[in-house]
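Engineer: Next up, structure18.cif (mmCIF, C-alpha atoms).
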```cif
data_protein
loop_
_atom_site.label_atom_id
_atom_site.label_comp_id
_atom_site.auth_asym_id
_atom_site.auth_seq_id
_atom_site.Cartn_x
_atom_site.Cartn_y
_atom_site.Cartn_z
CA MET A 298 118.48 76.16 99.55
CA ARG A 299 119.71 79.02 101.77
CA VAL A 300 117.92 82.33 101.22
CA LEU A 301 118.88 85.80 102.48
CA VAL A 302 115.87 88.08 103.16
CA VAL A 303 116.57 91.78 102.48
CA ASP A 304 113.87 94.33 103.30
CA ASP A 305 113.85 97.44 105.47
CA GLU A 306 110.39 96.52 106.80
CA GLU A 307 110.74 94.22 109.79
CA ASP A 308 107.23 92.85 109.35
CA VAL A 309 107.96 91.87 105.75
CA ARG A 310 111.07 90.02 106.94
CA VAL A 311 109.03 88.21 109.62
CA LEU A 312 106.48 87.16 106.99
CA LEU A 313 109.08 86.03 104.46
CA ARG A 314 110.95 84.04 107.10
CA ALA A 315 107.75 82.23 108.09
CA GLN A 316 106.82 81.54 104.46
CA LEU A 317 110.29 80.32 103.54
CA GLU A 318 110.61 78.04 106.54
CA LEU A 319 107.15 76.58 106.04
CA ALA A 320 108.09 75.81 102.43
CA GLY A 321 111.28 74.05 103.53
CA TYR A 322 113.90 76.70 102.73
CA GLU A 323 116.69 77.64 105.12
CA VAL A 324 116.79 81.37 105.96
CA ALA A 325 120.47 82.29 105.73
CA GLY A 326 119.85 85.65 107.42
CA GLU A 327 118.00 88.93 107.31
CA ALA A 328 119.23 92.37 106.24
CA ALA A 329 117.50 95.75 106.58
CA ASP A 330 119.42 97.61 103.86
CA GLY A 331 121.84 97.17 100.98
CA VAL A 332 124.95 97.67 103.11
CA GLU A 333 123.96 94.84 105.45
CA CYS A 334 122.99 92.65 102.49
CA LEU A 335 126.39 93.04 100.82
CA ARG A 336 128.20 92.42 104.10
CA GLN A 337 126.28 89.20 104.77
CA CYS A 338 126.89 88.02 101.21
CA GLU A 339 130.63 88.54 101.72
CA ASP A 340 130.66 86.76 105.10
CA ASP A 341 128.40 83.84 104.28
CA PRO A 342 127.09 83.79 100.70
CA PRO A 343 123.53 82.43 100.43
CA ASP A 344 122.17 80.58 97.40
CA ALA A 345 119.55 83.26 96.75
CA VAL A 346 118.56 86.75 97.86
CA ILE A 347 115.03 88.12 98.07
CA LEU A 348 115.78 91.80 97.57
CA ASP A 349 113.59 94.82 98.33
CA LEU A 350 114.40 97.69 95.97
CA LEU A 351 113.65 100.82 98.02
CA MET A 352 115.85 100.79 101.10
CA PRO A 353 117.89 103.35 103.04
CA ARG A 354 121.67 103.75 102.71
CA VAL A 355 122.15 101.46 99.68
CA SER A 356 119.11 100.57 97.56
CA GLY A 357 118.35 97.27 95.87
CA PHE A 358 119.11 98.89 92.51
CA GLU A 359 122.67 99.51 93.69
CA VAL A 360 123.05 96.06 95.27
CA ILE A 361 122.25 94.09 92.10
CA PRO A 362 125.33 95.02 90.01
CA LYS A 363 127.63 94.52 93.02
CA LEU A 364 126.24 91.05 93.70
CA ARG A 365 126.40 90.20 90.02
CA THR A 366 130.09 91.12 89.94
CA ASN A 367 131.22 89.67 93.27
CA HIS A 368 128.82 86.72 93.66
CA PRO A 369 127.50 85.73 90.23
CA LYS A 370 126.17 82.42 91.55
CA ILE A 371 123.73 84.02 94.01
CA GLY A 372 120.21 84.04 92.59
CA ILE A 373 118.50 87.41 92.95
CA VAL A 374 114.77 88.07 92.97
CA ALA A 375 113.57 91.66 93.24
CA TYR A 376 110.64 92.06 95.65
CA THR A 377 108.78 95.35 95.64
CA ALA A 378 105.38 96.78 96.53
CA VAL A 379 104.74 98.72 93.33
CA ALA A 380 106.64 98.56 90.08
CA GLY A 381 106.15 101.19 87.39
CA ASP A 382 107.65 101.13 83.92
CA PHE A 383 111.07 102.28 85.15
CA VAL A 384 111.42 99.44 87.67
CA ARG A 385 110.12 96.81 85.26
CA ASP A 386 112.44 98.00 82.49
CA GLU A 387 115.46 98.10 84.81
CA MET A 388 114.85 94.58 86.11
CA ARG A 389 114.29 93.29 82.59
CA ARG A 390 117.50 94.96 81.44
CA MET A 391 119.46 93.34 84.28
CA GLY A 392 117.72 89.98 83.87
CA ILE A 393 116.34 90.01 87.41
CA PRO A 394 112.96 88.35 88.07
CA LEU A 395 110.54 90.76 89.69
CA VAL A 396 107.83 89.80 92.17
CA LEU A 397 105.27 92.25 93.49
CA LYS A 398 104.79 92.05 97.24
CA SER A 399 101.71 90.09 98.08
CA GLY A 400 100.55 87.97 100.97
CA GLN A 401 101.11 84.87 98.90
CA PHE A 402 104.33 82.97 98.47
CA GLY A 403 103.62 81.04 95.25
CA LYS A 404 105.48 83.22 92.76
CA LEU A 405 108.54 83.66 94.96
CA ASP A 406 108.55 79.92 95.57
CA SER A 407 108.49 79.08 91.87
CA ILE A 408 111.36 81.47 91.11
CA LEU A 409 113.47 80.10 93.97
CA ARG A 410 112.84 76.61 92.60
CA THR A 411 114.18 77.66 89.20
CA PHE A 412 117.36 78.90 90.94
CA ALA A 413 117.68 75.52 92.66
CA ALA A 414 117.12 73.72 89.36
CA ASP A 415 119.79 75.85 87.64
CA GLU A 416 122.27 74.96 90.37
CA SER A 417 121.79 71.21 90.08
CA MET B 130 73.03 127.90 84.78
CA PRO B 131 76.53 128.56 86.13
CA GLU B 132 79.33 128.78 83.64
CA VAL B 133 81.52 125.68 83.61
CA THR B 134 85.26 126.33 83.32
CA PHE B 135 88.01 123.86 82.55
CA PRO B 136 91.63 124.13 83.65
CA ALA B 137 94.07 125.30 81.02
CA ALA B 138 95.95 122.49 79.28
CA ALA B 139 99.22 123.11 81.14
CA GLU B 140 97.41 123.18 84.48
CA SER B 141 95.55 120.03 83.57
CA GLU B 142 98.81 118.24 82.71
CA GLU B 143 100.31 119.37 86.00
CA LEU B 144 97.29 118.10 87.91
CA ASP B 145 97.45 114.79 86.07
CA LEU B 146 101.14 114.45 86.92
CA LEU B 147 100.39 115.22 90.57
CA ARG B 148 97.50 112.75 90.62
CA ARG B 149 99.70 109.98 89.22
CA ARG B 150 102.47 110.80 91.68
CA VAL B 151 100.07 110.70 94.62
CA VAL B 152 98.46 107.45 93.52
CA ASN B 153 101.87 105.87 92.96
CA VAL B 154 103.25 106.93 96.33
CA VAL B 155 100.10 106.10 98.26
CA GLY B 156 99.74 102.80 96.45
CA HIS B 157 103.30 101.85 97.27
CA GLU B 158 103.08 102.74 100.92
CA LEU B 159 99.66 101.24 101.57
CA ARG B 160 100.35 98.09 99.63
CA THR B 161 103.18 96.93 101.87
CA PRO B 162 101.23 96.81 105.18
CA VAL B 163 98.06 95.57 103.47
CA THR B 164 99.76 92.68 101.70
CA THR B 165 101.86 91.95 104.78
CA LEU B 166 98.71 91.79 106.92
CA ARG B 167 97.15 89.33 104.54
CA GLY B 168 100.26 87.15 104.40
CA LEU B 169 100.72 87.19 108.16
CA ALA B 170 97.08 86.22 108.72
CA GLU B 171 97.46 83.31 106.30
CA GLN B 172 100.65 82.17 108.01
CA LEU B 173 98.95 82.37 111.40
CA VAL B 174 96.31 79.92 110.25
CA GLN B 175 99.05 77.46 109.35
CA ALA B 176 101.37 78.11 112.32
CA PRO B 177 101.76 74.84 114.20
CA ASP B 178 102.39 76.15 117.72
CA GLU B 179 102.46 79.16 120.04
CA GLU B 180 106.19 79.71 119.51
CA SER B 181 105.75 80.22 115.77
CA ARG B 182 102.53 82.23 116.19
CA ARG B 183 104.07 84.86 118.52
CA PRO B 184 106.34 86.71 116.02
CA LEU B 185 103.57 86.60 113.42
CA LEU B 186 101.08 88.15 115.85
CA ASP B 187 103.57 90.86 116.85
CA ALA B 188 104.20 91.70 113.20
CA LEU B 189 100.45 91.69 112.51
CA VAL B 190 99.87 94.30 115.21
CA ARG B 191 102.80 96.45 113.98
CA SER B 192 101.48 96.36 110.41
CA ALA B 193 97.98 97.33 111.56
CA VAL B 194 99.38 100.24 113.61
CA ARG B 195 101.44 101.38 110.62
CA LEU B 196 98.37 101.27 108.40
CA GLU B 197 96.43 103.36 110.92
CA GLN B 198 99.28 105.87 111.06
CA LEU B 199 99.41 106.11 107.25
CA VAL B 200 95.67 106.80 107.06
CA ASP B 201 95.97 109.46 109.79
CA ASP B 202 98.87 111.06 107.91
CA LEU B 203 96.86 111.10 104.69
CA LEU B 204 93.91 112.72 106.43
CA LEU B 205 96.14 115.30 108.04
CA ALA B 206 97.95 116.08 104.80
CA SER B 207 94.57 116.50 103.10
CA GLY B 208 93.66 119.13 105.67
CA ILE B 209 91.22 116.88 107.47
CA PHE B 210 92.26 117.71 110.99
CA THR B 211 90.17 115.16 112.85
CA ALA B 212 93.38 113.12 112.84
CA SER B 213 95.25 115.87 114.69
CA PRO B 214 95.83 115.11 118.37
CA ALA B 215 93.17 116.66 120.58
CA GLY B 216 93.39 117.67 124.22
CA ASP B 217 94.34 120.56 126.47
CA PRO B 218 97.55 122.54 126.04
CA ALA B 219 100.14 121.91 128.72
CA ASP B 220 103.76 122.84 129.44
CA VAL B 221 105.96 120.62 127.28
CA ASP B 222 109.68 120.28 128.01
CA LEU B 223 111.10 120.22 124.49
CA ALA B 224 114.35 118.43 125.37
CA ALA B 225 112.27 115.59 126.86
CA ALA B 226 109.98 115.65 123.81
CA VAL B 227 112.97 115.32 121.49
CA ARG B 228 114.08 112.27 123.49
CA ARG B 229 110.59 110.75 123.25
CA ALA B 230 110.80 111.23 119.50
CA GLY B 231 113.77 108.86 119.47
CA TRP B 232 116.80 111.16 119.60
CA ASP B 233 119.42 109.85 122.03
CA GLY B 234 122.30 112.19 121.13
CA PRO B 235 123.18 115.54 122.67
CA VAL B 236 120.62 118.35 122.77
CA GLN B 237 121.81 121.96 122.99
CA GLY B 238 119.63 124.31 125.03
CA GLU B 239 116.23 123.86 126.58
CA ALA B 240 112.84 125.54 126.55
CA VAL B 241 109.23 124.83 127.44
CA ALA B 242 106.43 125.10 124.91
CA ARG B 243 102.71 125.55 125.55
CA ALA B 244 100.91 123.01 123.37
CA ILE B 245 99.09 119.69 123.39
CA PRO B 246 101.82 117.21 124.38
CA GLU B 247 100.72 114.52 121.90
CA ALA B 248 100.77 117.11 119.13
CA VAL B 249 104.35 118.09 119.97
CA ASP B 250 105.30 114.41 119.82
CA ARG B 251 103.56 114.10 116.46
CA VAL B 252 105.49 117.11 115.12
CA LEU B 253 108.89 115.96 116.31
CA ALA B 254 108.63 112.23 115.52
CA PRO B 255 108.95 112.36 111.70
CA ILE B 256 111.60 115.09 111.87
CA VAL B 257 113.81 113.18 114.28
CA ASP B 258 113.17 109.92 112.41
CA ASN B 259 114.22 111.47 109.08
CA ALA B 260 117.37 112.93 110.62
CA ARG B 261 118.33 109.69 112.36
CA ARG B 262 117.81 107.57 109.26
CA HIS B 263 119.25 109.82 106.59
CA GLY B 264 121.41 112.48 108.25
CA ASP B 265 125.00 112.37 109.40
CA PRO B 266 125.97 114.26 111.49
CA VAL B 267 122.81 115.29 113.37
CA GLU B 268 122.55 118.23 115.77
CA VAL B 269 119.55 119.29 117.81
CA ARG B 270 119.27 122.80 119.25
CA ILE B 271 116.48 124.29 121.36
CA GLU B 272 116.08 128.05 121.92
CA ALA B 273 113.46 130.53 123.01
CA HIS B 274 112.80 133.58 120.81
CA GLY B 275 110.31 136.10 122.18
CA ASP B 276 106.97 134.38 122.52
CA GLN B 277 108.15 131.32 120.57
CA VAL B 278 110.33 128.33 121.22
CA VAL B 279 112.37 126.87 118.40
CA VAL B 280 113.76 123.38 117.82
CA ASP B 281 116.34 123.13 115.02
CA VAL B 282 117.13 119.62 113.80
CA GLU B 283 120.17 119.85 111.57
CA SER B 284 121.34 116.85 109.58
CA GLY B 285 124.18 116.43 107.10
CA GLY B 286 123.64 114.87 103.69
CA PRO B 287 123.59 115.69 99.99
CA VAL B 288 123.30 119.33 98.94
CA ILE B 289 119.64 120.31 98.65
CA GLU B 290 118.45 123.31 96.64
CA ALA B 291 116.60 125.96 98.64
CA GLY B 292 113.48 125.45 96.51
CA ASP B 293 113.50 121.68 97.10
CA ALA B 294 114.02 122.18 100.83
CA ALA B 295 110.95 124.39 101.01
CA LEU B 296 108.93 121.83 99.02
CA LEU B 297 109.83 119.07 101.49
CA CYS B 298 107.12 120.47 103.76
CA GLU B 299 104.55 119.99 100.99
CA PRO B 300 102.59 116.70 100.90
CA PHE B 301 103.96 113.97 98.64
CA PHE B 302 107.12 115.84 97.69
CA ARG B 303 110.21 113.68 98.09
CA GLY B 304 113.80 114.66 97.39
CA GLU B 305 115.52 113.20 94.34
CA ALA B 306 117.77 110.89 96.38
CA ALA B 307 114.94 109.74 98.63
CA VAL B 308 112.84 108.51 95.71
CA MET B 309 115.30 105.67 95.04
CA THR B 310 116.46 104.83 98.54
CA ALA B 311 113.72 105.62 100.99
CA PRO B 312 110.20 104.34 101.07
CA GLY B 313 107.63 106.75 102.45
CA LEU B 314 104.70 108.88 101.49
CA GLY B 315 106.67 112.08 101.56
CA LEU B 316 104.24 113.21 104.23
CA GLY B 317 106.43 113.39 107.34
CA LEU B 318 107.31 117.09 107.21
CA ALA B 319 103.91 118.02 105.76
CA VAL B 320 102.19 116.30 108.69
CA ALA B 321 104.60 117.91 111.16
CA ARG B 322 103.84 121.34 109.69
CA THR B 323 100.07 120.77 109.72
CA VAL B 324 100.05 119.65 113.35
CA ALA B 325 102.42 122.47 114.38
CA ARG B 326 100.11 125.03 112.75
CA TYR B 327 97.13 123.69 114.72
CA GLN B 328 99.20 124.45 117.81
CA GLY B 329 99.93 128.00 116.66
CA GLY B 330 103.41 127.15 115.44
CA ASP B 331 105.02 126.15 112.16
CA VAL B 332 107.69 123.98 110.52
CA HIS B 333 110.19 125.18 107.92
CA ALA B 334 113.03 123.41 106.12
CA HIS B 335 116.07 125.03 104.56
CA PRO B 336 119.42 123.81 103.24
CA ARG B 337 122.25 123.23 105.70
CA ALA B 338 125.57 124.87 104.86
CA GLY B 339 127.82 122.16 103.38
CA GLY B 340 124.93 119.82 102.52
CA GLY B 341 121.91 118.42 104.28
CA LEU B 342 118.91 120.00 105.84
CA VAL B 343 117.84 122.14 108.79
CA VAL B 344 114.27 121.61 109.90
CA ARG B 345 112.98 124.32 112.25
CA VAL B 346 109.99 123.72 114.51
CA GLU B 347 108.35 126.80 116.02
CA LEU B 348 105.85 126.47 118.85
CA PRO B 349 104.21 128.90 121.27
CA ARG B 350 106.34 129.50 124.34
CA ARG B 351 105.13 128.92 127.87
CA GLU B 352 103.92 132.19 129.38
CA ALA B 353 106.60 134.88 129.15
CA GLY B 354 109.31 134.62 131.77
CA SER B 355 108.10 131.43 133.39
CA ASP B 356 110.75 129.22 131.74
CA ARG B 357 113.63 131.44 132.77
CA GLN B 358 115.36 129.81 135.68
#
```
For the structure just supplied, provide its representation as structure tokens.
Structural biologist:
Amino acid sequence: MRVLVVDDEEDVRVLLRAQLELAGYEVAGEAADGVECLRQCEDDPPDAVILDLLMPRVSGFEVIPKLRTNHPKIGIVAYTAVAGDFVRDEMRRMGIPLVLKSGQFGKLDSILRTFAADES
Amino acid sequence: MPEVTFPAAAESEELDLLRRRVVNVVGHELRTPVTTLRGLAEQLVQAPDEESRRPLLDALVRSAVRLEQLVDDLLLASGIFTASPAGDPADVDLAAAVRRAGWDGPVQGEAVARAIPEAVDRVLAPIVDNARRHGDPVEVRIEAHGDQVVVDVESGGPVIEAGDAALLCEPFFRGEAAVMTAPGLGLGLAVARTVARYQGGDVHAHPRAGGGLVVRVELPRREAGSDRQ
């Protein structure tokens, strides 16, 4: 499975890349904001996107409906440090799984596996 | 026994709102480097060779530095000035200081301030960073006014109300647009103002004509007449 990592924090991208590769995923690319994410999805659509929500230029909240319209097959998992009621409600409304940033990869891994299972 | 007083209900609600806002913002900003540090450390243990350890170690150091910076910013914003740069005042070329802060575009004018050089860097860094990341176009002007030198960093963007612009220099206040698109403690301008005031200067923000923001840094000027060529 090819996964695009989208987060404006370079260190978070470094960590996610290491975790993904160790778990056997292919990292399709990295993006530091929503504009770059959408461009990479147009150029070379991944199977899944790990998407930070608070980013400069275009936020994750704005990316989700665009990806849903233009690339409905790309699995999206929202990845954020803190999620209050607004964020949780928005993700629930859009049907996007939400993972709180943590040092551990288990929850992201299990969601990515459900995307892979849905594809097959 | 002293009389105990309680805040009025409206004041109490306002304080509660502020407390929740601060905890939310601080929690968000501290959580990212803390959880990243943990994850990076765990990955390091499993990294099979030097080549895979190197980027993890670099990221580990960056996250630790960011965490240290966040704590310093929090202390500064709380008025605990031990985090303010210490040292002796010196002549500081402001055009060079603006460059050190990360601005590589044109700078109009020049002047020399009398302040602790590290403090000037600390004042300018968040202002230039904000303008570079969120403003388009950006203009930087330096002038001397009487016994002060002034750096104006002007950046285009959405229209900001005068009241909101003034509040941007208050700790934890973040503009409406920034809440959704920009992580951060909302401390950058507050820290810049605090440090500038320790140097005998100040920082103000006001709306830019046509949208965006002008952030003005005032600092003490080098002794009168000595920066006139």
Engineer: Quick one: of B:Pro287, B:Gly168, B:Gly156, B:Pro246, who's nearest to A:Arg314, counting all atoms listed in the file?
Structural biologist: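 Among B:Pro287, B:Gly168, B:Gly156, B:Pro246, it is B:Gly168 that comes nearest to A:Arg314.
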Engineer: Write out as a list in words every residue belonging to chain A that has an atom at most 7 Å from any atom of chain B, counting only C-alpha atoms.
Structural biologist: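 Every residue of chain A that passes the 7 Å test is in Asp308, Val309, Val311, Leu312, Leu351, Met352, Pro353, Arg354, Val355, Ser356, Ala378, Val379, Lys398, Ser399, Gly400 and Gln401 of chain A.
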Engineer: Go through B:Arg345, B:Asp293, B:Val152, B:Ala226 and flag the residue nearest A:Gly381, using all atoms listed in the file for the distances.
Structural biologist: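 Residue with the minimum atom-to-atom distance to A:Gly381: B:Val152.
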Engineer: Pick from A:Lys404, A:Lys370, A:Arg365, A:Arg385: nearest to A:Pro343, with all atoms listed in the file counted?
Structural biologist: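 Counting all atoms listed in the file, the residue closest to A:Pro343 is A:Lys370.
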Engineer: Please report the interatomic distance between atom CA of B:Ile271 and atom CA of B:Gly238 in Å with one decimal.
Structural biologist: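 Separation of atom CA of B:Ile271 and atom CA of B:Gly238: 4.8 Å.
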Engineer: Could you state the separation of atom CA of B:Glu272 and atom CA of B:Val252 in Å, given to one decimal place?
Structural biologist: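 Atom-to-atom, atom CA of B:Glu272 and atom CA of B:Val252 are spaced 16.7 Å apart.
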Engineer: Go ahead and compute the interatomic distance for atom CA of A:Phe402 and atom CA of A:Ile347, in Å to one decimal.
Structural biologist: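 So the two atoms, atom CA of A:Phe402 and atom CA of A:Ile347, lie 11.9 Å apart.
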Engineer: For the structure shown, which residues end up in the PyMOL selection byres ((chain B and resi 228) around 12)? Put them as a list in words, please?
Structural biologist: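 Listing what the PyMOL selection byres ((chain B and resi 228) around 12) selects in the shown file: Asp222, Leu223, Ala224, Ala225, Ala226, Val227, Arg229, Ala230, Gly231, Trp232, Asp233, Gly234, Pro235, Val236, Val249, Asp250, Leu253, Ala254, Val257, Asp258 and Val269 of chain B.
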Engineer: Evaluated on this file, the PyMOL selection byres ((chain B and resi 298) around 8) picks out some residues - which ones are they, written as a PyMOL selection string?
Structural biologist: chain B and resi 294-297+299-300+302+316-319+322+332-334
Engineer: So which one's closest to B:Arg251, B:Asp201, B:Asp276, B:Glu352, B:Glu290? Using only C-alpha atoms, please.
Structural biologist: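 Nearest candidate to B:Arg251 out of B:Asp201, B:Asp276, B:Glu352, B:Glu290: B:Asp201.
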Engineer: Would you be able to write out as a compact mmCIF listing (two decimals) with C-alpha atoms, in the frame of the given file which residues have an atom within 7 Å of (113.3, 122.9, 113.9) in the file's coordinates, counting all atoms listed in the file?
Structural biologist:
```txt
# COMPACT_ATOMS: atom_id res chain seq x y z
CA VAL B 279 112.37 126.87 118.40
CA VAL B 280 113.76 123.38 117.82
CA ASP B 281 116.34 123.13 115.02
CA VAL B 282 117.13 119.62 113.80
CA VAL B 332 107.69 123.98 110.52
CA VAL B 343 117.84 122.14 108.79
CA VAL B 344 114.27 121.61 109.90
CA ARG B 345 112.98 124.32 112.25
CA VAL B 346 109.99 123.72 114.51
CA GLU B 347 108.35 126.80 116.02
```
